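Source file: query.cif. Holds: mmCIF, C-alpha atoms.
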```cif
data_protein
loop_
_atom_site.label_atom_id
_atom_site.label_comp_id
_atom_site.auth_asym_id
_atom_site.auth_seq_id
_atom_site.Cartn_x
_atom_site.Cartn_y
_atom_site.Cartn_z
CA MET A 1 193.55 -37.42 130.96
CA THR A 2 196.22 -36.54 128.43
CA SER A 3 194.42 -38.43 125.70
CA ALA A 4 191.17 -36.57 126.46
CA SER A 5 192.82 -33.11 126.18
CA SER A 6 194.52 -34.09 122.92
CA SER A 7 191.19 -35.16 121.44
CA GLN A 8 189.61 -31.75 122.30
CA LEU A 9 192.39 -29.72 120.63
CA PRO A 10 191.19 -30.18 117.00
CA ARG A 11 187.71 -29.08 117.98
CA ILE A 12 189.07 -25.91 119.62
CA LEU A 13 191.16 -25.06 116.57
CA LEU A 14 188.22 -25.69 114.25
CA GLY A 15 185.97 -23.43 116.32
CA ALA A 16 188.58 -20.62 116.33
CA LEU A 17 188.95 -20.91 112.54
CA ILE A 18 185.19 -20.76 111.98
CA GLY A 19 184.92 -17.72 114.27
CA ALA A 20 187.71 -15.89 112.42
CA VAL A 21 186.08 -16.60 109.05
CA LEU A 22 182.70 -15.38 110.25
CA GLY A 23 184.30 -12.24 111.71
CA LEU A 24 186.02 -11.46 108.42
CA LEU A 25 182.78 -12.00 106.53
CA MET A 26 180.93 -9.62 108.83
CA LEU A 27 183.69 -7.04 108.46
CA GLY A 28 183.50 -7.36 104.67
CA VAL A 29 179.74 -6.93 104.71
CA ALA A 30 180.08 -3.80 106.88
CA LEU A 31 182.71 -2.30 104.57
CA ALA A 32 180.61 -3.06 101.50
CA ALA A 33 177.56 -1.45 103.05
CA TRP A 34 179.60 1.62 103.99
CA TRP A 35 181.02 1.85 100.49
CA LEU A 36 177.66 1.49 98.74
CA ALA A 37 175.82 3.85 101.08
CA VAL A 38 178.39 6.57 101.84
CA ALA A 39 181.87 6.42 100.37
CA ARG A 40 181.05 5.97 96.67
CA HIS A 41 178.83 9.07 96.71
CA GLU A 42 181.33 11.49 98.26
CA PRO A 43 183.11 13.96 95.96
CA GLN A 44 186.71 13.06 95.29
CA LEU A 45 189.83 15.22 95.29
CA ILE A 46 191.66 14.41 92.05
CA VAL A 47 195.23 14.98 90.92
CA ALA A 48 194.95 16.03 87.28
CA PRO A 49 197.87 16.24 84.84
CA GLU A 50 199.40 19.59 84.06
CA GLY A 51 197.32 21.68 81.67
CA PHE A 52 194.12 19.70 82.25
CA GLU A 53 192.19 22.65 83.68
CA ALA A 54 193.31 24.92 80.86
CA ARG A 55 192.06 22.36 78.32
CA LEU A 56 188.72 22.20 80.10
CA GLU A 57 188.41 25.97 79.97
CA ALA A 58 189.35 26.06 76.30
CA ALA A 59 186.79 23.36 75.43
CA ALA A 60 183.88 24.62 77.56
CA GLY A 61 184.60 28.33 77.37
CA GLY A 62 185.32 30.72 80.21
CA ALA A 63 182.75 31.61 82.82
CA ALA A 64 181.17 35.02 83.14
CA PHE A 65 183.04 37.75 84.98
CA GLY A 66 183.09 37.16 88.73
CA LEU A 67 181.78 33.56 88.49
CA THR A 68 183.66 30.31 89.11
CA PRO A 69 183.21 27.66 86.37
CA VAL A 70 181.77 24.23 87.22
CA TYR A 71 182.46 21.87 84.31
CA VAL A 72 179.78 19.29 83.47
CA HIS A 73 180.54 16.07 81.58
CA ASP A 74 177.44 14.10 80.60
CA ARG A 75 176.97 11.70 77.69
CA ASP A 76 173.38 10.76 78.45
CA GLY A 77 171.91 13.77 76.67
CA PRO A 78 169.55 16.55 77.77
CA ASP A 79 166.71 14.13 78.55
CA SER A 80 168.49 12.33 81.40
CA SER A 81 167.72 12.79 85.08
CA GLY A 82 171.13 14.37 85.60
CA ALA A 83 170.39 17.09 83.03
CA ALA A 84 167.05 17.85 84.72
CA TRP A 85 168.77 18.16 88.10
CA LEU A 86 171.42 20.47 86.67
CA SER A 87 168.78 22.76 85.19
CA GLN A 88 167.13 22.98 88.60
CA ILE A 89 170.26 24.00 90.49
CA ALA A 90 171.70 26.33 87.84
CA SER A 91 170.08 29.45 89.35
CA GLU A 92 171.11 28.42 92.87
CA LEU A 93 174.73 27.94 91.83
CA GLU A 94 174.75 31.24 89.97
CA ALA A 95 173.55 33.01 93.13
CA GLN A 96 176.47 31.42 94.98
CA GLY A 97 178.99 32.62 92.38
CA HIS A 98 179.26 29.51 90.16
CA GLU A 99 178.36 28.87 86.53
CA LEU A 100 177.72 25.49 84.91
CA ARG A 101 179.84 25.01 81.78
CA PRO A 102 179.08 21.82 79.74
CA VAL A 103 182.13 20.13 78.24
CA PRO A 104 181.60 19.03 74.62
CA THR A 105 182.16 15.35 73.91
CA ASP A 106 183.68 15.81 70.44
CA ASP A 107 187.20 16.06 71.89
CA ALA A 108 188.09 12.37 72.22
CA GLU A 109 191.35 12.91 74.07
CA LEU A 110 189.79 15.21 76.66
CA THR A 111 186.83 12.84 77.11
CA ARG A 112 189.17 9.91 77.64
CA GLU A 113 191.13 11.88 80.23
CA ILE A 114 187.94 12.75 82.11
CA GLU A 115 186.79 9.11 82.03
CA ARG A 116 190.16 8.00 83.37
CA LEU A 117 190.00 10.42 86.32
CA ALA A 118 186.41 9.36 87.07
CA HIS A 119 187.22 5.64 86.90
CA ARG A 120 187.64 4.19 90.40
CA TRP A 121 188.53 0.55 90.99
CA ALA A 122 186.27 -1.77 88.92
CA GLU A 123 183.35 0.65 89.03
CA PRO A 124 182.45 2.26 85.70
CA PRO A 125 182.14 6.05 85.51
CA ARG A 126 178.81 7.41 86.64
CA ARG A 127 177.32 10.54 85.15
CA PRO A 128 176.83 13.43 85.23
CA LEU A 129 180.34 14.38 86.32
CA LEU A 130 180.99 17.75 87.95
CA ILE A 131 184.51 19.17 88.09
CA TRP A 132 185.35 22.41 89.90
CA ARG A 133 188.21 23.96 91.79
CA GLY A 134 187.76 23.97 95.54
CA PRO A 135 189.93 25.36 98.34
CA LYS A 136 192.11 22.21 98.32
CA GLY A 137 192.28 21.55 94.56
CA LEU A 138 190.22 20.02 91.75
CA MET A 139 187.10 18.21 92.94
CA LEU A 140 185.16 15.57 91.00
CA CYS A 141 181.64 14.42 91.85
CA ARG A 142 179.75 11.48 90.30
CA CYS A 143 176.30 13.00 90.72
CA ASP A 144 174.08 10.03 89.87
CA HIS A 145 172.67 9.62 93.41
CA PRO A 146 170.74 12.01 95.69
CA ARG A 147 173.40 11.69 98.38
CA ALA A 148 176.18 12.61 95.94
CA ARG A 149 174.19 15.56 94.68
CA ALA A 150 173.59 16.82 98.22
CA GLN A 151 177.32 16.50 99.00
CA ALA A 152 178.22 18.43 95.84
CA ARG A 153 175.81 21.26 96.66
CA GLN A 154 177.23 21.55 100.19
CA LEU A 155 180.81 21.72 98.93
CA LEU A 156 179.94 24.27 96.26
CA ALA A 157 178.18 26.45 98.82
CA ALA A 158 181.19 26.20 101.14
CA SER A 159 183.63 27.10 98.36
CA ALA A 160 181.44 30.08 97.44
CA SER A 161 182.15 31.60 100.87
CA THR A 162 185.92 31.34 100.19
CA PRO A 163 187.23 34.30 98.15
CA ALA A 164 188.41 33.45 94.64
CA ASP A 165 191.75 35.17 95.30
CA ALA A 166 192.43 32.77 98.18
CA VAL A 167 191.66 29.77 95.94
CA GLU A 168 194.00 31.04 93.21
CA ALA A 169 196.72 31.73 95.77
CA GLN A 170 196.47 28.15 97.03
CA ALA A 171 196.56 26.77 93.48
CA ALA A 172 199.57 28.87 92.43
CA PRO A 173 203.04 27.63 93.42
CA SER A 174 204.32 29.37 96.49
CA VAL A 175 207.42 31.51 96.03
CA VAL A 176 209.65 31.77 99.07
CA ALA A 177 210.72 35.35 99.59
CA PRO A 178 214.40 35.90 100.42
CA ARG A 179 215.04 36.40 104.07
CA ARG A 180 216.15 39.84 105.08
CA ALA A 181 218.64 40.58 107.78
CA VAL A 182 217.01 41.22 111.09
CA GLU A 183 217.51 44.82 112.08
CA PRO A 184 217.85 45.73 115.73
CA THR A 185 214.61 47.08 117.00
CA GLY A 186 216.00 48.53 120.24
CA PRO A 187 216.31 52.30 120.81
CA ALA A 188 219.51 54.06 119.70
CA TYR A 189 219.82 55.88 123.03
CA PRO A 190 218.84 54.72 126.50
CA HIS A 191 215.56 56.05 127.73
CA LEU A 192 215.50 58.11 130.88
CA GLY A 193 213.03 57.48 133.55
CA PRO A 194 209.75 59.31 133.84
CA PRO A 195 209.94 62.94 135.01
CA PRO A 196 209.61 63.45 138.77
CA ALA A 197 206.15 64.03 139.99
CA LYS A 198 205.29 67.61 140.82
CA VAL A 199 205.02 68.10 144.57
CA ALA A 200 202.34 70.54 145.51
CA THR A 201 203.76 73.55 147.39
CA PRO A 202 202.02 74.00 150.75
CA PRO A 203 200.14 77.29 150.97
CA ALA A 204 201.78 80.09 152.94
CA PRO A 205 200.37 80.64 156.44
CA PRO A 206 198.03 83.60 156.70
CA VAL A 207 199.68 86.80 157.85
CA ALA A 208 198.23 88.02 161.11
CA ALA A 209 196.87 91.52 160.96
CA PRO A 210 198.79 94.00 163.19
CA ALA A 211 197.09 94.67 166.48
CA ARG A 212 195.52 98.07 166.61
CA THR A 213 196.86 100.30 169.40
CA ALA A 214 194.15 101.73 171.54
CA SER A 215 194.11 105.52 171.46
CA PRO A 216 194.84 107.14 174.83
CA THR A 217 191.84 108.25 176.81
CA PRO A 218 191.68 112.09 177.08
CA SER A 219 192.40 113.29 180.60
CA LEU A 220 189.88 115.52 182.38
CA PRO A 221 190.55 118.21 184.98
CA GLY A 222 190.99 116.66 188.38
CA ASP A 223 192.18 113.23 187.10
CA PRO A 224 195.40 111.94 188.66
CA ALA A 225 198.44 112.05 186.50
CA PRO A 226 199.21 108.74 184.81
CA LYS A 227 202.06 106.78 186.28
CA ARG A 228 204.92 106.10 183.97
CA ALA A 229 206.36 102.64 184.09
CA GLU A 230 209.89 102.43 185.23
CA ALA A 231 210.54 99.84 182.55
CA LYS A 232 210.08 102.50 179.83
CA ALA A 233 212.91 104.57 181.15
CA SER A 234 215.64 105.29 178.69
CA PRO A 235 218.43 102.65 178.73
CA ALA A 236 221.02 105.42 178.34
CA SER A 237 220.35 106.89 181.83
CA PRO A 238 222.31 104.27 183.80
CA ARG A 239 225.07 104.48 181.26
CA ALA A 240 225.12 108.26 181.54
CA SER A 241 225.13 108.14 185.33
CA SER A 242 228.00 105.73 185.26
CA VAL A 243 230.00 107.93 182.89
CA ARG A 244 229.14 111.37 184.25
CA PRO A 245 230.23 111.93 187.93
CA ALA A 246 227.59 113.34 190.22
CA SER A 247 228.07 117.04 191.20
CA PRO A 248 228.99 117.55 194.87
CA ARG A 249 226.32 119.00 197.09
CA ARG A 250 226.85 122.56 198.25
CA THR A 251 227.02 123.06 201.97
CA ASP A 252 226.80 126.65 203.25
CA PRO A 253 228.29 127.56 206.60
CA PRO A 254 225.91 128.38 209.44
CA GLU A 255 226.84 132.07 209.32
CA ALA A 256 225.66 132.38 205.79
CA ARG A 257 222.33 130.72 206.53
CA ARG A 258 221.86 133.07 209.52
CA ASP A 259 222.58 136.12 207.40
CA ALA A 260 220.09 134.95 204.87
CA ASP A 261 217.34 134.48 207.43
CA SER A 262 217.91 137.86 208.91
CA LEU A 263 217.84 139.40 205.52
CA PHE A 264 214.51 137.76 204.72
CA PHE A 265 212.81 138.97 207.77
#
```

Full structure transcribed into structure tokens:
Amino acid sequence: MTSASSSQLPRILLGALIGAVLGLLMLGVALAAWWLAVARHEPQLIVAPEGFEARLEAAAGGAAFGLTPVYVHDRDGPDSSGAAWLSQIASELEAQGHELRPVPTDDAELTREIERLAHRWAEPPRRPLLIWRGPKGLMLCRCDHPRARAQARQLLAASASTPADAVEAQAAPSVVAPRRAVEPTGPAYPHLGPPPAKVATPPAPPVAAPARTASPTPSLPGDPAPKRAEAKASPASPRASSVRPASPRRTDPPEARRDADSLFF
């Protein structure tokens, strides 16, 4: 049984090796297809040497006021398909705030620098070449394919919506402002609380009108005299009776009363 398993081991290793090779070949084919169909046509963000953009502007001339320059490098002449495509989109780019500026090919040093930036791997430069400043930096597009041209138009339309001041601010080196001392933001004096709420004063109770005293009824001849209440007697009378002694009653002798009666009759 051991000899049988040892004889199967080379076959297993050979099958694993063949599978790995086939997998790598399929991965290479997929990467090549992606590169030929998509990646090689996408605009590229380039890192240009210092002063390259100023040399481009000096060679091609500045753009009109309020327009962003898009530099065009093409050696194929005005009869090429790239030149026809550029003439078709010139008005569209101008409406978006861009202007096409052709770079002359008589400057050999500048042309060599552009060719070096456009050279990628073993692939020769493809024309026409468009160079413009986007929100993230200098962009380069090899616009020899409809997909690349569509990508360039989309990026140019997107950069047109970004203000030119924001693009220049991103391109300029940032200067760090010196930090200032943090000042206390609290109040100098403590705040008092809110004023007390005004309590509504209750309305005063209505004053009762004085009761009207009924006028006394006039007395007629023959009416009995009104009785006076004993409660209305003057409070000074008991005090006066207590202070002033009562006068003794006079008692006449019987002789005097008899004389008086006889005198009357």

Checklist entry - Which residue, A:Leu45, A:Ala58, A:Ala20, A:Ala118, has the smallest gap to Pro135 of chain A when you use only C-alpha atoms? => result A:Leu45

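Ranking A:Pro128, A:Pro43, A:Pro102, A:Gly137 by their shortest atom-to-atom distance to Val70 of chain A, with all atoms listed in the file included, puts A:Pro102 first.
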
Next on the checklist: Evaluate the PyMOL selection byres ((chain A and resi 61) around 12) against this structure - the residues, as a ChimeraX atom specification, please.
Outcome noted: /A:53-60,62-64,68-72,99-104

Item to check | Between atom CA of Gln96 of chain A and atom CA of Ala157 of chain A, distance in Å (one decimal) | outcome: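 According to the coordinates, atom CA of Gln96 of chain A and atom CA of Ala157 of chain A are separated by 6.5 Å.
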
What does the PyMOL selection byres ((chain A and resi 89) around 12) select in this file, as a compact mmCIF listing (two decimals) with C-alpha atoms, in the coordinates of the input?
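Saved as part21.txt:
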```
# COMPACT_ATOMS: atom_id res chain seq x y z
CA VAL A 70 181.77 24.23 87.22
CA GLY A 82 171.13 14.37 85.60
CA ALA A 83 170.39 17.09 83.03
CA ALA A 84 167.05 17.85 84.72
CA TRP A 85 168.77 18.16 88.10
CA LEU A 86 171.42 20.47 86.67
CA SER A 87 168.78 22.76 85.19
CA GLN A 88 167.13 22.98 88.60
CA ALA A 90 171.70 26.33 87.84
CA SER A 91 170.08 29.45 89.35
CA GLU A 92 171.11 28.42 92.87
CA LEU A 93 174.73 27.94 91.83
CA GLU A 94 174.75 31.24 89.97
CA ALA A 95 173.55 33.01 93.13
CA GLN A 96 176.47 31.42 94.98
CA HIS A 98 179.26 29.51 90.16
CA GLU A 99 178.36 28.87 86.53
CA LEU A 100 177.72 25.49 84.91
CA ARG A 149 174.19 15.56 94.68
CA ALA A 150 173.59 16.82 98.22
CA ALA A 152 178.22 18.43 95.84
CA ARG A 153 175.81 21.26 96.66
CA LEU A 156 179.94 24.27 96.26
CA ALA A 157 178.18 26.45 98.82
```

Next on the checklist: One number please: atom CA of Pro146 of chain A to atom CA of Arg116 of chain A, in Å, one decimal.
Outcome noted: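 A separation of 23.3 Å between them.
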
Item to check | Result set, the PyMOL selection byres ((chain A and resi 39) around 12) on current file, as a ChimeraX atom specification | outcome: /A:31-38,40-44,120,141-142,145,147-148,151

Checklist entry - Using only C-alpha atoms, which of A:Leu17, A:Trp132, A:Gly97, A:Ala30 sits nearest Phe52 of chain A? => result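 Distance minimum relative to Phe52 of chain A lands on A:Trp132.
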
Next on the checklist: What's the separation between atom CA of Asp144 of chain A and atom CA of Leu110 of chain A, in Å to one decimal place?
Outcome noted: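 Here the two named atoms are 21.2 Å from each other.
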